[in-house]
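Accompanying notes for the structure given below.
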Amino acid sequence: MISVNDFKNGLTIEVDGDLWRIVEFQHVKPGKGSAFVRSTLKNLRTGAVQEKTFRSTEKVEKAQIDSKNMQYLYADGDNYVFMDTDTYDQLTLPGDEIRDQLNYLKENMNVKIIMHGNETLGIELPKTVDLVVKETEPGIRGNTSSGGSKPATMETGLVVQVPFFINVDDVLTINTDDGTYISRANK
């Protein structure tokens, strides 16, 4: 059990039998009344996000979460196959469990599989991925990086807003947290 005063972003807790990851939290000390912690939690099983308020004296159960380094191998219909990089065991995950991460997955990419006991909760991607632009309007001479943006479709189907000077077949570094363009990748 941990005190709600020990909350940190990314910490996983167990509340009412469900597993929740703390997205953000705020300690509030009103002028009148007792202190409390306002938090935004994400359900690791359903993906639902919820706001929850805890009294500062409450304690919650810290969930035991493990992660395994695995390599994404290939898609088999609507299932996705991963291989443990240590034991070479394979794990198949249904597409609906990892729907949010599919736009960033490339074959042979290393990811972390998040587990609670024997239950697979999902995958954790690297902070950035390099993806190839497959479709975008052509760059026009004179457009600069500070000019504006246009949509670009990446090799995985992800659509990203990019500067006007980006062309088809450019390799871009994309933030996996919010799907935003960071820069051209070093080749």
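Chain lettering (A, B, ...) mirrors the order of the structure tokens, residue numbering begins at 1 for each chain separately, and ligand numbering begins at 1 in order of display.
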
Identify, on the basis of only C-alpha atoms, every residue whose closest approach to Ile114 of chain A does not exceed 9 Å; exclude the query and any residue fewer than 6 positions from it along the same chain; express the result as a short mmCIF file (atom, residue, chain, number, x, y, z; two decimals) with C-alpha atoms, in the first residue's frame.
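Written file, part17.cif:
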```
data_model
loop_
_atom_site.label_atom_id
_atom_site.label_comp_id
_atom_site.auth_asym_id
_atom_site.auth_seq_id
_atom_site.Cartn_x
_atom_site.Cartn_y
_atom_site.Cartn_z
CA ILE A 65 3.76 -4.52 -13.36
CA ASP A 66 6.50 -6.30 -15.30
CA SER A 67 7.85 -5.60 -18.76
CA LYS A 68 9.59 -7.89 -21.26
CA THR A 120 -0.71 -9.01 -21.11
CA LEU A 121 -1.78 -5.37 -20.77
CA GLY A 122 -0.24 -3.93 -23.93
CA ILE A 123 2.99 -2.66 -25.41
CA GLU A 124 5.24 0.26 -24.62
#
```

Got a sec: who's within 6 Å of segment 163-173 of chain A, counting only C-alpha atoms, leaving out chain neighbours fewer than 6 positions off, as an mmCIF file with N, CA and C atoms, in the first residue's frame?
```
data_model
loop_
_atom_site.group_PDB
_atom_site.id
_atom_site.type_symbol
_atom_site.label_atom_id
_atom_site.label_comp_id
_atom_site.auth_asym_id
_atom_site.auth_seq_id
_atom_site.Cartn_x
_atom_site.Cartn_y
_atom_site.Cartn_z
ATOM 1 N N VAL A 129 9.960 7.115 -33.216
ATOM 2 C CA VAL A 129 10.195 6.136 -34.278
ATOM 3 C C VAL A 129 10.508 6.887 -35.567
ATOM 4 N N ASP A 130 11.279 6.253 -36.430
ATOM 5 C CA ASP A 130 11.578 6.817 -37.746
ATOM 6 C C ASP A 130 10.685 6.143 -38.775
ATOM 7 N N LEU A 131 9.879 6.940 -39.480
ATOM 8 C CA LEU A 131 8.951 6.418 -40.480
ATOM 9 C C LEU A 131 9.164 7.127 -41.809
ATOM 10 N N VAL A 132 8.897 6.408 -42.911
ATOM 11 C CA VAL A 132 9.063 6.939 -44.258
ATOM 12 C C VAL A 132 7.744 7.569 -44.717
ATOM 13 N N VAL A 133 7.849 8.750 -45.342
ATOM 14 C CA VAL A 133 6.669 9.424 -45.893
ATOM 15 C C VAL A 133 6.273 8.703 -47.173
ATOM 16 N N LYS A 134 5.020 8.226 -47.244
ATOM 17 C CA LYS A 134 4.537 7.529 -48.438
ATOM 18 C C LYS A 134 3.691 8.424 -49.327
ATOM 19 N N GLU A 135 3.059 9.445 -48.740
ATOM 20 C CA GLU A 135 2.201 10.301 -49.542
ATOM 21 C C GLU A 135 2.102 11.678 -48.896
ATOM 22 N N PRO A 138 3.681 17.745 -52.937
ATOM 23 C CA PRO A 138 5.099 18.059 -53.172
ATOM 24 C C PRO A 138 5.487 19.381 -52.520
ATOM 25 N N GLY A 139 6.764 19.441 -52.085
ATOM 26 C CA GLY A 139 7.292 20.678 -51.517
ATOM 27 C C GLY A 139 7.469 21.711 -52.612
ATOM 28 N N ASN A 143 9.322 27.429 -49.627
ATOM 29 C CA ASN A 143 8.659 27.114 -48.362
ATOM 30 C C ASN A 143 9.717 26.781 -47.316
ATOM 31 N N SER A 145 10.782 25.981 -42.973
ATOM 32 C CA SER A 145 10.305 25.186 -41.844
ATOM 33 C C SER A 145 9.357 25.985 -40.950
ATOM 34 N N GLY A 148 4.388 26.731 -42.205
ATOM 35 C CA GLY A 148 3.087 26.145 -41.917
ATOM 36 C C GLY A 148 3.207 24.642 -41.967
ATOM 37 N N SER A 149 2.089 23.979 -42.230
ATOM 38 C CA SER A 149 2.172 22.524 -42.277
ATOM 39 C C SER A 149 1.165 21.957 -43.272
ATOM 40 N N ILE A 182 8.782 15.473 -35.314
ATOM 41 C CA ILE A 182 9.879 16.065 -34.550
ATOM 42 C C ILE A 182 10.913 16.667 -35.506
ATOM 43 N N SER A 183 11.411 15.830 -36.433
ATOM 44 C CA SER A 183 12.431 16.306 -37.372
ATOM 45 C C SER A 183 12.624 15.271 -38.473
ATOM 46 N N ARG A 184 13.457 15.638 -39.460
ATOM 47 C CA ARG A 184 13.916 14.641 -40.422
ATOM 48 C C ARG A 184 14.884 13.731 -39.676
ATOM 49 N N ALA A 185 14.862 12.459 -40.011
ATOM 50 C CA ALA A 185 15.767 11.508 -39.367
ATOM 51 C C ALA A 185 17.130 11.573 -40.028
#
```

May I have the residues within 8 Å of segment 9-26 of chain A as a PDB file with N, CA and C atoms, in the first residue's frame, using only C-alpha atoms and disregarding those fewer than 5 positions away in the same chain?
```
ATOM      1  N   VAL A  37      -5.889  14.913  -3.360  1.00  0.00           N
ATOM      2  CA  VAL A  37      -5.106  14.723  -4.580  1.00  0.00           C
ATOM      3  C   VAL A  37      -6.069  14.498  -5.731  1.00  0.00           C
ATOM      4  N   ARG A  38      -6.006  15.357  -6.732  1.00  0.00           N
ATOM      5  CA  ARG A  38      -6.828  15.235  -7.939  1.00  0.00           C
ATOM      6  C   ARG A  38      -5.957  14.531  -8.973  1.00  0.00           C
ATOM      7  N   SER A  39      -6.468  13.476  -9.583  1.00  0.00           N
ATOM      8  CA  SER A  39      -5.642  12.696 -10.514  1.00  0.00           C
ATOM      9  C   SER A  39      -6.397  12.342 -11.784  1.00  0.00           C
ATOM     10  N   THR A  40      -5.635  12.143 -12.846  1.00  0.00           N
ATOM     11  CA  THR A  40      -6.164  11.614 -14.100  1.00  0.00           C
ATOM     12  C   THR A  40      -5.568  10.225 -14.257  1.00  0.00           C
ATOM     13  N   LEU A  41      -6.432   9.225 -14.388  1.00  0.00           N
ATOM     14  CA  LEU A  41      -6.005   7.830 -14.440  1.00  0.00           C
ATOM     15  C   LEU A  41      -6.425   7.193 -15.754  1.00  0.00           C
ATOM     16  N   LYS A  42      -5.570   6.288 -16.266  1.00  0.00           N
ATOM     17  CA  LYS A  42      -5.899   5.543 -17.483  1.00  0.00           C
ATOM     18  C   LYS A  42      -5.999   4.065 -17.129  1.00  0.00           C
ATOM     19  N   ASN A  43      -7.135   3.467 -17.480  1.00  0.00           N
ATOM     20  CA  ASN A  43      -7.359   2.055 -17.226  1.00  0.00           C
ATOM     21  C   ASN A  43      -6.501   1.243 -18.198  1.00  0.00           C
ATOM     22  N   LEU A  44      -5.645   0.367 -17.673  1.00  0.00           N
ATOM     23  CA  LEU A  44      -4.734  -0.402 -18.528  1.00  0.00           C
ATOM     24  C   LEU A  44      -5.430  -1.537 -19.268  1.00  0.00           C
ATOM     25  N   ARG A  45      -6.605  -1.919 -18.837  1.00  0.00           N
ATOM     26  CA  ARG A  45      -7.318  -2.995 -19.529  1.00  0.00           C
ATOM     27  C   ARG A  45      -8.225  -2.457 -20.624  1.00  0.00           C
ATOM     28  N   VAL A  60      -3.561   3.459  -1.399  1.00  0.00           N
ATOM     29  CA  VAL A  60      -3.993   2.607  -2.508  1.00  0.00           C
ATOM     30  C   VAL A  60      -2.968   1.502  -2.709  1.00  0.00           C
ATOM     31  N   GLU A  61      -3.401   0.462  -3.382  1.00  0.00           N
ATOM     32  CA  GLU A  61      -2.522  -0.676  -3.664  1.00  0.00           C
ATOM     33  C   GLU A  61      -1.652  -0.373  -4.880  1.00  0.00           C
ATOM     34  N   LYS A  62      -0.337  -0.525  -4.755  1.00  0.00           N
ATOM     35  CA  LYS A  62       0.564  -0.372  -5.893  1.00  0.00           C
ATOM     36  C   LYS A  62       0.547  -1.684  -6.677  1.00  0.00           C
ATOM     37  N   ALA A  63       0.302  -1.612  -7.981  1.00  0.00           N
ATOM     38  CA  ALA A  63       0.223  -2.816  -8.817  1.00  0.00           C
ATOM     39  C   ALA A  63       1.614  -3.279  -9.226  1.00  0.00           C
ATOM     40  N   GLN A  64       1.808  -4.586  -9.258  1.00  0.00           N
ATOM     41  CA  GLN A  64       3.089  -5.159  -9.677  1.00  0.00           C
ATOM     42  C   GLN A  64       3.048  -5.361 -11.191  1.00  0.00           C
ATOM     43  N   ILE A  65       3.733  -4.485 -11.906  1.00  0.00           N
ATOM     44  CA  ILE A  65       3.760  -4.519 -13.364  1.00  0.00           C
ATOM     45  C   ILE A  65       5.160  -4.918 -13.823  1.00  0.00           C
TER      46      ILE A  65
END
```

Do you know which residues are at most 10 Å from Arg55 of chain A counting only C-alpha atoms, after dropping those on the same chain fewer than 6 positions away, and could you put them as an MDAnalysis selection string?
-> chainID A and resid 3:5 27:28 34:38

Please provide as a ChimeraX atom specification all residues within 7 Å of Pro151 of chain A, with the sequence filter that same-chain residues fewer than 2 positions apart are discarded (counting only C-alpha atoms).
-> /A:136,149,153,159-162
